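Student: Got a structure for you, questions after.
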Amino acid sequence: MLAVTSKRVREPGIAFLPPGVERYRVRGGGSLAVKIFAGDTITVVNREGMQQCLLAAFDLDGGEDLASFRTRHNGCSWPAPLDPGSEDSLMLDEELAKYRIALDNIKALQIFDQETRAGSSQLFVAERTVVLLVAAPGKRMSVDQQDAPGDLDLFVKRLSPLTVEERLPPPLAEARLDLRVNKGTALSYEIKAGEYIQIIDVAGRQCSDFLAFDYADLQTGKERGLDATTTRTLMGNSYPQPGLYCKFYDQDMRAMVEVVRDTVNRHDTFALACTAKYYADMGYPGHSNCSDNFNEVLTPYQIAPRAGWPAINFFYNTAIDRNNVIFLDEPWSRPGDYVLLRALTDLVCASSACPDDIDPANGWNPTDIHVRVYSNKNSFSRGIAHRMTADAPPQLTRETGFHSRTSQLTRTFVDYRSFWLPNCFAQYGTLDEYHACREEAVVMDLSPLRKFEILGPDAEALMQATTTRNIRKLAVGQVVYTAMCNEHGGIVDDGTVYRLSENNFRFVGGDDFDGIWLRQQAERLGLRVWIRSSTEQLHNLAVQGPNSREIMKQIIWTPPARATLEELSWFRFTVGRLDNGSGVPVLVSRTGYTGELGYEVWCHPADAEAVWDRIWEVGQNHGLKPLGMAALDILRIESGLIFAGYEFDDQIDPFEAGIGFAVALNNEDDFVGKDALRRRKEHPQRVLVGLELDGNEPAGHGDCVHIGRTQVGVITSGTRSPILRKNIALCRLAVEYSALGTELEVGKLDGHQKRIPATVVKFPFYDPEKKRPRS
């Protein structure tokens, strides 16, 4: 990787790789194919450790050629993919077919083994052009095991760097149109209803303005195109995103295109496409501009020219600051990023590669845009790209193992930490779901929780050094809620630690970065321990509510050496199966996020439908209903449970976040942030309190809290409590004003024109003694 000094501006939008170096991610349990040329150097990196890697190479006629890397196979057979129907597997099949490569009976070279440490690598140099296959073999992980297949990184250092054309991402399917929009130009094209339009930023940080007109209207002389104002009004967003609110409309409120995928999630719908007037006003008369370029390419369709086109400006990075100023900066898009649209009617479209080189709009260096059009016979998953770190490859929103069941009950899904989760259910609604949890029982998909397997002789030492609890006291079969903090005491994440055996733990948190941070600490401390992500191998349901035990005890079988469901106490887990010793394997923990008696059921995604069906079937006699994210938020606020990005972040310590009970400062062992937390506890400045507000207007996250003109706190979460019939909020407040009964005001509008009286009260608001989850 390139060294970055403090004197150089960091540019996380473009990966820190030297010129000519490419990076590929090999998914755990999957494979990929990359064309390698003579003189290229490949490096395979074992990101998490303990992950085997298989290599095979073929000449361009399909013949085996590992000898091109001056090595040979060691007798290993090529593995079958864990998910043969996935998009990655299908794209691999296309690559293999292109080079007539057959995987039957081939032998591969295995590198790495179960003892390989995280970050280990091996390097090879190609002597001639081949197609390299790299696999990260693995099997399906059982709920009580920790052998989840891990990802590998493949770095390719080209002797002769690939051209821009060669570095284009592979097509998503066979393209009907493959169009290059050269920098500083525009072009038009016709689209049929149902076809997909992929707009690709070839080199990164390049804006592409987009226009679309109803084809049938143009034939009658009527001009109706995408209208940003109408779209913002109907969608309630600055710009549509994949999901429920995904459509662009025309002036007549007719849906014209919908957003299927977005790997950038930063665009503009406020500004015009650049104009001749803008450049002239800036001192560059005669500068080429997108609006004039659009006028030229739309002439064949008799579309009237305009001095400035109100386009959809993909990849254009703008925002409105607190002073009501629209500002721009360099785009977030990286090489190969794209937006995938689906036409909802026949269209005439136009795309530009913006020529702006006088400000940061195109990173000061305009480049090309590429457009691909795919047949309406294709079907593509919907998703927004997420990245674990700034330079990580994108991961599109995916479906959980339970999606086939929840999607039968609702179409209202939200992107929650790169998974689609139900926000509410059409047949029930948020309040019905809420009351079912408090009075009977609910089931909820919480699969996006991040799971990490921590194993090895130093596993306990790592968890003791990185969490705020005394992990040495944690018994096998026990669960504990904890925080992980940085050196200055801010919370990296909160989560639960499961002790599977003496040297085996499972950490369940909310962020992919947890695994990276734990590996960094293990390396710093010189510990022999492995941290492996198992999120893709463990999906989970929460079964919560007063009737949850009655449901669960009818379906969970446990072996004699394990606790039965009835014996399971609060923050304990057991391993068993559905119904009998031959049923689906599950891990059941008596944990939850609702403040009610409840359980979480963990299973492999392949078993998710069977687990949902059985719980749903038995639950119908006990008032079971599904629970969405909206109702969960009310439940957790009433119960005083904190949420990342609201009650805490990496600047907020556990005492400020209201979870000081999870900090074992009397623990004789050191842990990250312990000294800072001791100082913060001795000299607190802010504390989390409960508020009751007058009236029925709820407080919102970020609302200011005042005494007179002075701001003394901020609302972290607020809701109207259906069961308490009160307007409540969680508030981070200056300690000087945190006494029970203190009268405050919650600021609305600008914080001063409108105030809601509030009083500091004890929290949790609901069941403060936690009698219900302990019952």
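Letters A, B, ... mark the chains of the structure tokens in the order given; residue numbers begin at 1 per chain; ligand numbers begin at 1, in order shown.
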Determine, for each residue of region 514-583 of chain A having at least one atom at most 12 Å from an atom of region 662-679 of chain A, the closest pair of atoms and their separation in Å to one decimal, counting only C-alpha atoms; order by chain and ascending number, as a tab-separated table.
Tutor:
residue	atom	partner	partner_atom	distance
A:Trp517	CA	A:Val672	CA	11.3
A:Leu518	CA	A:Val672	CA	10.9
A:Gln520	CA	A:Val672	CA	11.9
A:Gln521	CA	A:Val672	CA	8.9
A:Ala522	CA	A:Val672	CA	11.7
A:Arg524	CA	A:Val672	CA	11.4
A:Leu525	CA	A:Val672	CA	11.0
Student: What's around Ala311 (chain A) at 9 Å? Count only C-alpha atoms, leave out sequence neighbours fewer than 4 positions away in its own chain, and write the answer as a list in words.
Tutor: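 Surrounding residues, per the criterion: Asp209, Phe210, Leu211, Ala212, Leu226, Asp227, Ala228, Asp268, Thr269, Phe270, Ala271, Leu272, Ala273 and Ser291 of chain A.
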Student: Would you save the residues from that selection as a tab-separated table (two decimals), in the first residue's frame, using N, CA, C and O atoms?
Tutor:
chain	number	residue	atom	x	y	z
A	209	ASP	N	-24.70	14.07	-15.86
A	209	ASP	CA	-26.07	14.58	-15.85
A	209	ASP	C	-26.95	13.68	-16.70
A	209	ASP	O	-26.50	13.14	-17.72
A	210	PHE	N	-28.21	13.53	-16.28
A	210	PHE	CA	-29.10	12.57	-16.93
A	210	PHE	C	-30.45	13.22	-17.19
A	210	PHE	O	-31.04	13.87	-16.32
A	211	LEU	N	-30.93	13.06	-18.43
A	211	LEU	CA	-32.26	13.50	-18.83
A	211	LEU	C	-33.03	12.30	-19.37
A	211	LEU	O	-32.45	11.38	-19.95
A	212	ALA	N	-34.35	12.33	-19.21
A	212	ALA	CA	-35.20	11.27	-19.78
A	212	ALA	C	-36.55	11.89	-20.13
A	212	ALA	O	-37.12	12.66	-19.36
A	226	LEU	N	-38.00	14.08	-16.85
A	226	LEU	CA	-37.80	13.94	-15.42
A	226	LEU	C	-37.84	15.31	-14.75
A	226	LEU	O	-37.22	16.26	-15.23
A	227	ASP	N	-38.54	15.40	-13.63
A	227	ASP	CA	-38.68	16.67	-12.94
A	227	ASP	C	-38.22	16.48	-11.49
A	227	ASP	O	-38.84	15.74	-10.72
A	228	ALA	N	-37.13	17.16	-11.13
A	228	ALA	CA	-36.54	16.97	-9.81
A	228	ALA	C	-37.46	17.47	-8.70
A	228	ALA	O	-37.56	16.85	-7.63
A	268	ASP	N	-27.14	14.85	-6.93
A	268	ASP	CA	-27.73	16.18	-6.83
A	268	ASP	C	-28.98	16.27	-7.69
A	268	ASP	O	-28.99	15.80	-8.84
A	269	THR	N	-30.03	16.88	-7.12
A	269	THR	CA	-31.24	17.15	-7.91
A	269	THR	C	-31.65	18.62	-7.78
A	269	THR	O	-32.78	18.97	-8.11
A	270	PHE	N	-30.75	19.47	-7.31
A	270	PHE	CA	-31.09	20.88	-7.12
A	270	PHE	C	-30.52	21.77	-8.22
A	270	PHE	O	-31.17	22.72	-8.66
A	271	ALA	N	-29.31	21.51	-8.64
A	271	ALA	CA	-28.63	22.40	-9.58
A	271	ALA	C	-28.93	22.02	-11.03
A	271	ALA	O	-29.26	20.86	-11.34
A	272	LEU	N	-28.79	23.01	-11.92
A	272	LEU	CA	-28.86	22.75	-13.35
A	272	LEU	C	-27.63	21.98	-13.80
A	272	LEU	O	-26.57	22.02	-13.16
A	273	ALA	N	-27.76	21.28	-14.93
A	273	ALA	CA	-26.55	20.84	-15.61
A	273	ALA	C	-25.74	22.10	-15.95
A	273	ALA	O	-26.30	23.18	-16.15
A	291	SER	N	-25.27	21.60	-20.72
A	291	SER	CA	-26.55	22.03	-21.28
A	291	SER	C	-26.47	22.19	-22.79
A	291	SER	O	-27.36	21.72	-23.54
Student: Which residue, A:Val586, A:Met444, A:Leu96, A:Met463, has the smallest gap to Val543 (chain A) when you use only C-alpha atoms?
Tutor: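 Among the listed residues, A:Met444 lies closest to Val543 (chain A).
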Student: Considering only C-alpha atoms, state which residue in the set A:Val373, A:Leu740, A:Ile707, A:Ile111 is at the smallest distance from Leu691 (chain A).
Tutor: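 Distance minimum relative to Leu691 (chain A) lands on A:Leu740.
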Student: For Arg176 (chain A), find every residue with an atom within 9 Å (counting only C-alpha atoms), except residues of its own chain fewer than 4 positions away, and show them as a PDB file with all heavy atoms, in the first residue's frame.
Tutor:
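See selection13.pdb below for the written result:
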ATOM      1  N   ARG A 372     -24.429   1.311 -20.104  1.00  0.00           N
ATOM      2  CA  ARG A 372     -24.842   0.003 -20.609  1.00  0.00           C
ATOM      3  C   ARG A 372     -26.352  -0.141 -20.430  1.00  0.00           C
ATOM      4  O   ARG A 372     -26.912   0.284 -19.417  1.00  0.00           O
ATOM      5  CB  ARG A 372     -24.134  -1.127 -19.855  1.00  0.00           C
ATOM      6  CG  ARG A 372     -22.657  -1.270 -20.220  1.00  0.00           C
ATOM      7  CD  ARG A 372     -21.978  -2.297 -19.349  1.00  0.00           C
ATOM      8  NE  ARG A 372     -20.594  -2.540 -19.775  1.00  0.00           N
ATOM      9  CZ  ARG A 372     -19.602  -2.877 -18.942  1.00  0.00           C
ATOM     10  NH1 ARG A 372     -19.850  -3.016 -17.650  1.00  0.00           N
ATOM     11  NH2 ARG A 372     -18.391  -3.077 -19.401  1.00  0.00           N
ATOM     12  N   VAL A 373     -26.980  -0.752 -21.412  1.00  0.00           N
ATOM     13  CA  VAL A 373     -28.429  -0.981 -21.372  1.00  0.00           C
ATOM     14  C   VAL A 373     -28.666  -2.482 -21.445  1.00  0.00           C
ATOM     15  O   VAL A 373     -28.115  -3.174 -22.312  1.00  0.00           O
ATOM     16  CB  VAL A 373     -29.143  -0.254 -22.532  1.00  0.00           C
ATOM     17  CG1 VAL A 373     -30.635  -0.584 -22.520  1.00  0.00           C
ATOM     18  CG2 VAL A 373     -28.924   1.251 -22.429  1.00  0.00           C
ATOM     19  N   TYR A 374     -29.504  -2.979 -20.511  1.00  0.00           N
ATOM     20  CA  TYR A 374     -29.786  -4.413 -20.421  1.00  0.00           C
ATOM     21  C   TYR A 374     -31.256  -4.693 -20.694  1.00  0.00           C
ATOM     22  O   TYR A 374     -32.133  -3.876 -20.386  1.00  0.00           O
ATOM     23  CB  TYR A 374     -29.416  -4.943 -19.030  1.00  0.00           C
ATOM     24  CG  TYR A 374     -28.000  -4.669 -18.621  1.00  0.00           C
ATOM     25  CD1 TYR A 374     -27.714  -3.660 -17.692  1.00  0.00           C
ATOM     26  CD2 TYR A 374     -26.934  -5.396 -19.139  1.00  0.00           C
ATOM     27  CE1 TYR A 374     -26.407  -3.391 -17.302  1.00  0.00           C
ATOM     28  CE2 TYR A 374     -25.627  -5.135 -18.747  1.00  0.00           C
ATOM     29  CZ  TYR A 374     -25.370  -4.125 -17.833  1.00  0.00           C
ATOM     30  OH  TYR A 374     -24.082  -3.873 -17.449  1.00  0.00           O
ATOM     31  N   SER A 375     -31.521  -5.860 -21.232  1.00  0.00           N
ATOM     32  CA  SER A 375     -32.870  -6.272 -21.609  1.00  0.00           C
ATOM     33  C   SER A 375     -33.798  -6.319 -20.395  1.00  0.00           C
ATOM     34  O   SER A 375     -33.369  -6.574 -19.262  1.00  0.00           O
ATOM     35  CB  SER A 375     -32.819  -7.654 -22.267  1.00  0.00           C
ATOM     36  OG  SER A 375     -34.101  -8.233 -22.325  1.00  0.00           O
TER      37      SER A 375
END
Student: Please run DSSP on the backbone and report, as a PyMOL selection string, all residues within region 235-356 of chain A that come out as strand (DSSP E or B).
Tutor: chain A and resi 247-250+255-262+268+312-314+317-320+326-329+338-343+347-352
Student: Check the smallest atom-to-atom distance from each of A:Leu627, A:Leu133, A:Val584, A:Cys76 to Gly62 (chain A) using only C-alpha atoms, then report the winner.
Tutor: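 Distance minimum relative to Gly62 (chain A) lands on A:Leu133.
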Student: Counting only C-alpha atoms, what is within 12 Å of Pro757 (chain A), bar same-chain residues fewer than 2 positions away, as an mmCIF file with N, CA and C atoms, in the first residue's frame?
Tutor:
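This went into out.cif:
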data_model
loop_
_atom_site.group_PDB
_atom_site.id
_atom_site.type_symbol
_atom_site.label_atom_id
_atom_site.label_comp_id
_atom_site.auth_asym_id
_atom_site.auth_seq_id
_atom_site.Cartn_x
_atom_site.Cartn_y
_atom_site.Cartn_z
ATOM 1 N N LEU A 691 -36.596 12.181 29.840
ATOM 2 C CA LEU A 691 -37.434 13.375 29.888
ATOM 3 C C LEU A 691 -38.886 13.005 29.621
ATOM 4 N N GLU A 692 -39.789 13.695 30.321
ATOM 5 C CA GLU A 692 -41.205 13.676 29.967
ATOM 6 C C GLU A 692 -41.548 15.053 29.432
ATOM 7 N N LEU A 693 -42.159 15.079 28.239
ATOM 8 C CA LEU A 693 -42.492 16.338 27.583
ATOM 9 C C LEU A 693 -43.972 16.622 27.728
ATOM 10 N N ASP A 694 -44.319 17.888 27.875
ATOM 11 C CA ASP A 694 -45.721 18.288 27.878
ATOM 12 C C ASP A 694 -46.287 18.149 26.467
ATOM 13 N N GLY A 695 -47.581 17.885 26.386
ATOM 14 C CA GLY A 695 -48.236 17.826 25.089
ATOM 15 C C GLY A 695 -47.934 16.538 24.342
ATOM 16 N N ASN A 696 -48.262 16.544 23.057
ATOM 17 C CA ASN A 696 -48.141 15.329 22.244
ATOM 18 C C ASN A 696 -47.131 15.438 21.121
ATOM 19 N N GLU A 697 -46.440 16.567 21.013
ATOM 20 C CA GLU A 697 -45.441 16.702 19.952
ATOM 21 C C GLU A 697 -44.127 16.077 20.423
ATOM 22 N N PRO A 698 -43.676 15.012 19.754
ATOM 23 C CA PRO A 698 -42.483 14.310 20.241
ATOM 24 C C PRO A 698 -41.203 15.081 19.953
ATOM 25 N N ALA A 699 -40.212 14.827 20.779
ATOM 26 C CA ALA A 699 -38.869 15.340 20.511
ATOM 27 C C ALA A 699 -38.201 14.448 19.483
ATOM 28 N N VAL A 705 -31.834 21.157 23.896
ATOM 29 C CA VAL A 705 -32.516 21.239 25.187
ATOM 30 C C VAL A 705 -31.949 22.443 25.934
ATOM 31 N N HIS A 706 -32.840 23.269 26.480
ATOM 32 C CA HIS A 706 -32.432 24.563 27.029
ATOM 33 C C HIS A 706 -32.931 24.785 28.448
ATOM 34 N N ILE A 707 -32.197 25.616 29.161
ATOM 35 C CA ILE A 707 -32.701 26.351 30.317
ATOM 36 C C ILE A 707 -32.511 27.821 29.969
ATOM 37 N N GLY A 708 -33.616 28.500 29.759
ATOM 38 C CA GLY A 708 -33.528 29.866 29.254
ATOM 39 C C GLY A 708 -32.930 29.854 27.862
ATOM 40 N N ASN A 727 -45.306 11.474 26.510
ATOM 41 C CA ASN A 727 -44.362 11.909 25.493
ATOM 42 C C ASN A 727 -42.974 11.854 26.136
ATOM 43 N N ILE A 728 -42.109 10.936 25.690
ATOM 44 C CA ILE A 728 -40.854 10.685 26.395
ATOM 45 C C ILE A 728 -39.662 10.863 25.455
ATOM 46 N N THR A 742 -35.872 18.358 37.449
ATOM 47 C CA THR A 742 -35.406 19.591 36.815
ATOM 48 C C THR A 742 -36.274 19.924 35.606
ATOM 49 N N GLU A 743 -36.712 21.162 35.517
ATOM 50 C CA GLU A 743 -37.560 21.591 34.410
ATOM 51 C C GLU A 743 -36.696 22.191 33.302
ATOM 52 N N LEU A 744 -36.936 21.726 32.090
ATOM 53 C CA LEU A 744 -36.164 22.141 30.922
ATOM 54 C C LEU A 744 -37.114 22.498 29.795
ATOM 55 N N GLU A 745 -36.551 22.879 28.667
ATOM 56 C CA GLU A 745 -37.345 23.121 27.461
ATOM 57 C C GLU A 745 -36.642 22.504 26.261
ATOM 58 N N VAL A 746 -37.428 21.819 25.423
ATOM 59 C CA VAL A 746 -36.913 21.230 24.186
ATOM 60 C C VAL A 746 -37.167 22.218 23.057
ATOM 61 N N GLY A 747 -36.095 22.614 22.362
ATOM 62 C CA GLY A 747 -36.214 23.613 21.310
ATOM 63 C C GLY A 747 -36.615 23.010 19.981
ATOM 64 N N LYS A 748 -37.586 23.635 19.338
ATOM 65 C CA LYS A 748 -37.996 23.266 17.982
ATOM 66 C C LYS A 748 -37.735 24.450 17.050
ATOM 67 N N LYS A 754 -39.798 28.121 19.271
ATOM 68 C CA LYS A 754 -40.789 27.185 19.784
ATOM 69 C C LYS A 754 -40.124 26.303 20.823
ATOM 70 N N ARG A 755 -40.734 26.210 21.991
ATOM 71 C CA ARG A 755 -40.180 25.411 23.086
ATOM 72 C C ARG A 755 -41.262 24.479 23.633
ATOM 73 N N THR A 759 -39.472 17.659 31.735
ATOM 74 C CA THR A 759 -39.009 17.426 33.100
ATOM 75 C C THR A 759 -38.099 16.205 33.120
ATOM 76 N N VAL A 760 -37.006 16.274 33.860
ATOM 77 C CA VAL A 760 -36.114 15.130 34.010
ATOM 78 C C VAL A 760 -36.789 14.092 34.898
#
Student: Would you kindly return, as a PyMOL selection string, each protein, DNA or RNA residue with an atom no farther than 12 Å from any atom of Pro764 (chain A), considering only C-alpha atoms and excluding same-chain residues fewer than 6 positions away?
Tutor: chain A and resi 594-595+635-642+658-659+688-692+724+728-730+770-771
Student: With only C-alpha atoms as the atoms that count, which of A:Gly598, A:Ile191, A:Phe661, A:Cys603 lies nearest to Val480 (chain A)?
Tutor: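 Distance minimum relative to Val480 (chain A) lands on A:Phe661.
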Student: Quick one: residues within 12 Å of Phe294 (chain A), only C-alpha atoms counted, chain neighbours fewer than 2 positions away excluded, as an MDAnalysis selection string?
Tutor: chainID A and resid 184:189 208:212 273:275 288:292 296:301 303:311 349:354
Student: Please produce a file of the residues just selected, as a compact mmCIF listing (two decimals), in the first residue's frame, where the atoms kept are N, CA and C atoms.
Tutor:
# COMPACT_ATOMS: atom_id res chain seq x y z
N GLY A 184 -16.43 15.51 -21.45
CA GLY A 184 -16.82 16.80 -22.01
C GLY A 184 -17.86 16.72 -23.09
N THR A 185 -18.54 15.55 -23.24
CA THR A 185 -19.55 15.39 -24.29
C THR A 185 -20.83 14.84 -23.69
N ALA A 186 -21.80 14.59 -24.55
CA ALA A 186 -23.06 13.95 -24.15
C ALA A 186 -23.54 13.12 -25.32
N LEU A 187 -24.42 12.18 -25.06
CA LEU A 187 -25.08 11.45 -26.15
C LEU A 187 -26.46 11.02 -25.71
N SER A 188 -27.31 10.75 -26.70
CA SER A 188 -28.70 10.36 -26.45
C SER A 188 -28.91 8.92 -26.89
N TYR A 189 -29.93 8.28 -26.34
CA TYR A 189 -30.22 6.89 -26.66
C TYR A 189 -31.68 6.60 -26.28
N SER A 208 -22.19 12.85 -14.03
CA SER A 208 -22.92 12.52 -15.25
C SER A 208 -24.35 13.02 -15.10
N ASP A 209 -24.70 14.07 -15.86
CA ASP A 209 -26.07 14.58 -15.85
C ASP A 209 -26.95 13.68 -16.70
N PHE A 210 -28.21 13.53 -16.28
CA PHE A 210 -29.10 12.57 -16.93
C PHE A 210 -30.45 13.22 -17.19
N LEU A 211 -30.93 13.06 -18.43
CA LEU A 211 -32.26 13.50 -18.83
C LEU A 211 -33.03 12.30 -19.37
N ALA A 212 -34.35 12.33 -19.21
CA ALA A 212 -35.20 11.27 -19.78
C ALA A 212 -36.55 11.89 -20.13
N ALA A 273 -27.76 21.28 -14.93
CA ALA A 273 -26.55 20.84 -15.61
C ALA A 273 -25.74 22.10 -15.95
N CYS A 274 -24.41 21.97 -15.96
CA CYS A 274 -23.59 23.17 -16.11
C CYS A 274 -23.93 23.92 -17.40
N THR A 275 -23.78 25.22 -17.37
CA THR A 275 -24.25 26.09 -18.44
C THR A 275 -23.13 27.01 -18.94
N SER A 288 -16.98 24.59 -22.91
CA SER A 288 -18.00 23.59 -23.20
C SER A 288 -18.81 23.30 -21.94
N ASN A 289 -20.08 22.94 -22.13
CA ASN A 289 -20.95 22.73 -20.97
C ASN A 289 -22.00 21.68 -21.29
N CYS A 290 -22.55 21.07 -20.23
CA CYS A 290 -23.48 19.96 -20.41
C CYS A 290 -24.79 20.41 -21.07
N SER A 291 -25.27 21.60 -20.72
CA SER A 291 -26.55 22.03 -21.28
C SER A 291 -26.47 22.19 -22.79
N ASP A 292 -25.42 22.84 -23.30
CA ASP A 292 -25.26 22.96 -24.75
C ASP A 292 -25.05 21.59 -25.40
N GLU A 296 -27.50 19.76 -28.34
CA GLU A 296 -27.01 19.21 -29.60
C GLU A 296 -27.51 17.78 -29.82
N VAL A 297 -27.38 16.91 -28.79
CA VAL A 297 -27.73 15.49 -28.99
C VAL A 297 -29.22 15.26 -28.97
N LEU A 298 -30.02 16.23 -28.48
CA LEU A 298 -31.48 16.08 -28.46
C LEU A 298 -32.15 16.70 -29.67
N THR A 299 -31.38 17.36 -30.52
CA THR A 299 -31.95 17.99 -31.72
C THR A 299 -32.74 17.03 -32.60
N PRO A 300 -32.28 15.78 -32.82
CA PRO A 300 -33.05 14.86 -33.68
C PRO A 300 -34.45 14.56 -33.16
N TYR A 301 -34.69 14.83 -31.89
CA TYR A 301 -36.01 14.51 -31.32
C TYR A 301 -36.90 15.75 -31.21
N ILE A 303 -36.57 18.36 -29.53
CA ILE A 303 -36.71 18.86 -28.16
C ILE A 303 -36.10 20.26 -28.12
N ALA A 304 -36.88 21.21 -27.64
CA ALA A 304 -36.46 22.61 -27.67
C ALA A 304 -35.21 22.81 -26.82
N PRO A 305 -34.23 23.54 -27.35
CA PRO A 305 -33.00 23.78 -26.57
C PRO A 305 -33.27 24.69 -25.39
N ARG A 306 -32.43 24.55 -24.39
CA ARG A 306 -32.54 25.38 -23.19
C ARG A 306 -31.16 25.92 -22.83
N ALA A 307 -31.15 27.09 -22.20
CA ALA A 307 -29.88 27.65 -21.74
C ALA A 307 -29.31 26.84 -20.58
N GLY A 308 -30.21 26.22 -19.79
CA GLY A 308 -29.78 25.39 -18.68
C GLY A 308 -30.76 24.27 -18.45
N TRP A 309 -30.27 23.03 -18.47
CA TRP A 309 -31.16 21.87 -18.31
C TRP A 309 -31.26 21.46 -16.84
N PRO A 310 -32.50 21.31 -16.30
CA PRO A 310 -32.69 20.81 -14.94
C PRO A 310 -32.54 19.28 -14.92
N ALA A 311 -31.33 18.84 -14.91
CA ALA A 311 -31.03 17.42 -15.04
C ALA A 311 -30.96 16.75 -13.66
N CYS A 349 -33.40 9.13 -23.68
CA CYS A 349 -32.50 9.52 -22.58
C CYS A 349 -31.28 10.23 -23.13
N ALA A 350 -30.65 11.00 -22.25
CA ALA A 350 -29.37 11.62 -22.59
C ALA A 350 -28.49 11.60 -21.35
N SER A 351 -27.22 11.29 -21.55
CA SER A 351 -26.23 11.27 -20.47
C SER A 351 -25.02 12.09 -20.88
N SER A 352 -24.44 12.78 -19.90
CA SER A 352 -23.26 13.59 -20.18
C SER A 352 -22.08 13.09 -19.35
N ALA A 353 -20.89 13.45 -19.82
CA ALA A 353 -19.67 13.35 -19.01
C ALA A 353 -19.24 14.79 -18.81
N CYS A 354 -19.55 15.35 -17.67
CA CYS A 354 -19.46 16.79 -17.43
C CYS A 354 -18.04 17.32 -17.71
Student: For region 118-120 of chain A, please output as number ranges by chain all residues within 9 Å (counting only C-alpha atoms; exclusion window: fewer than 3 positions along the same chain).
Tutor: A: 44-51, 112, 519, 530-531
Student: To one decimal place in Å, what is the distance between CA of Ala644 (chain A) and CA of Glu736 (chain A)?
Tutor: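 These two atoms are separated by 25.1 Å.
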Student: Which is closer to Ala630 (chain A) than all the others in A:Gly645, A:Gly718, A:Gly429, A:Pro448, using only C-alpha atoms?
Tutor: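 Answer, going by the shortest atom-to-atom distance: A:Gly429.
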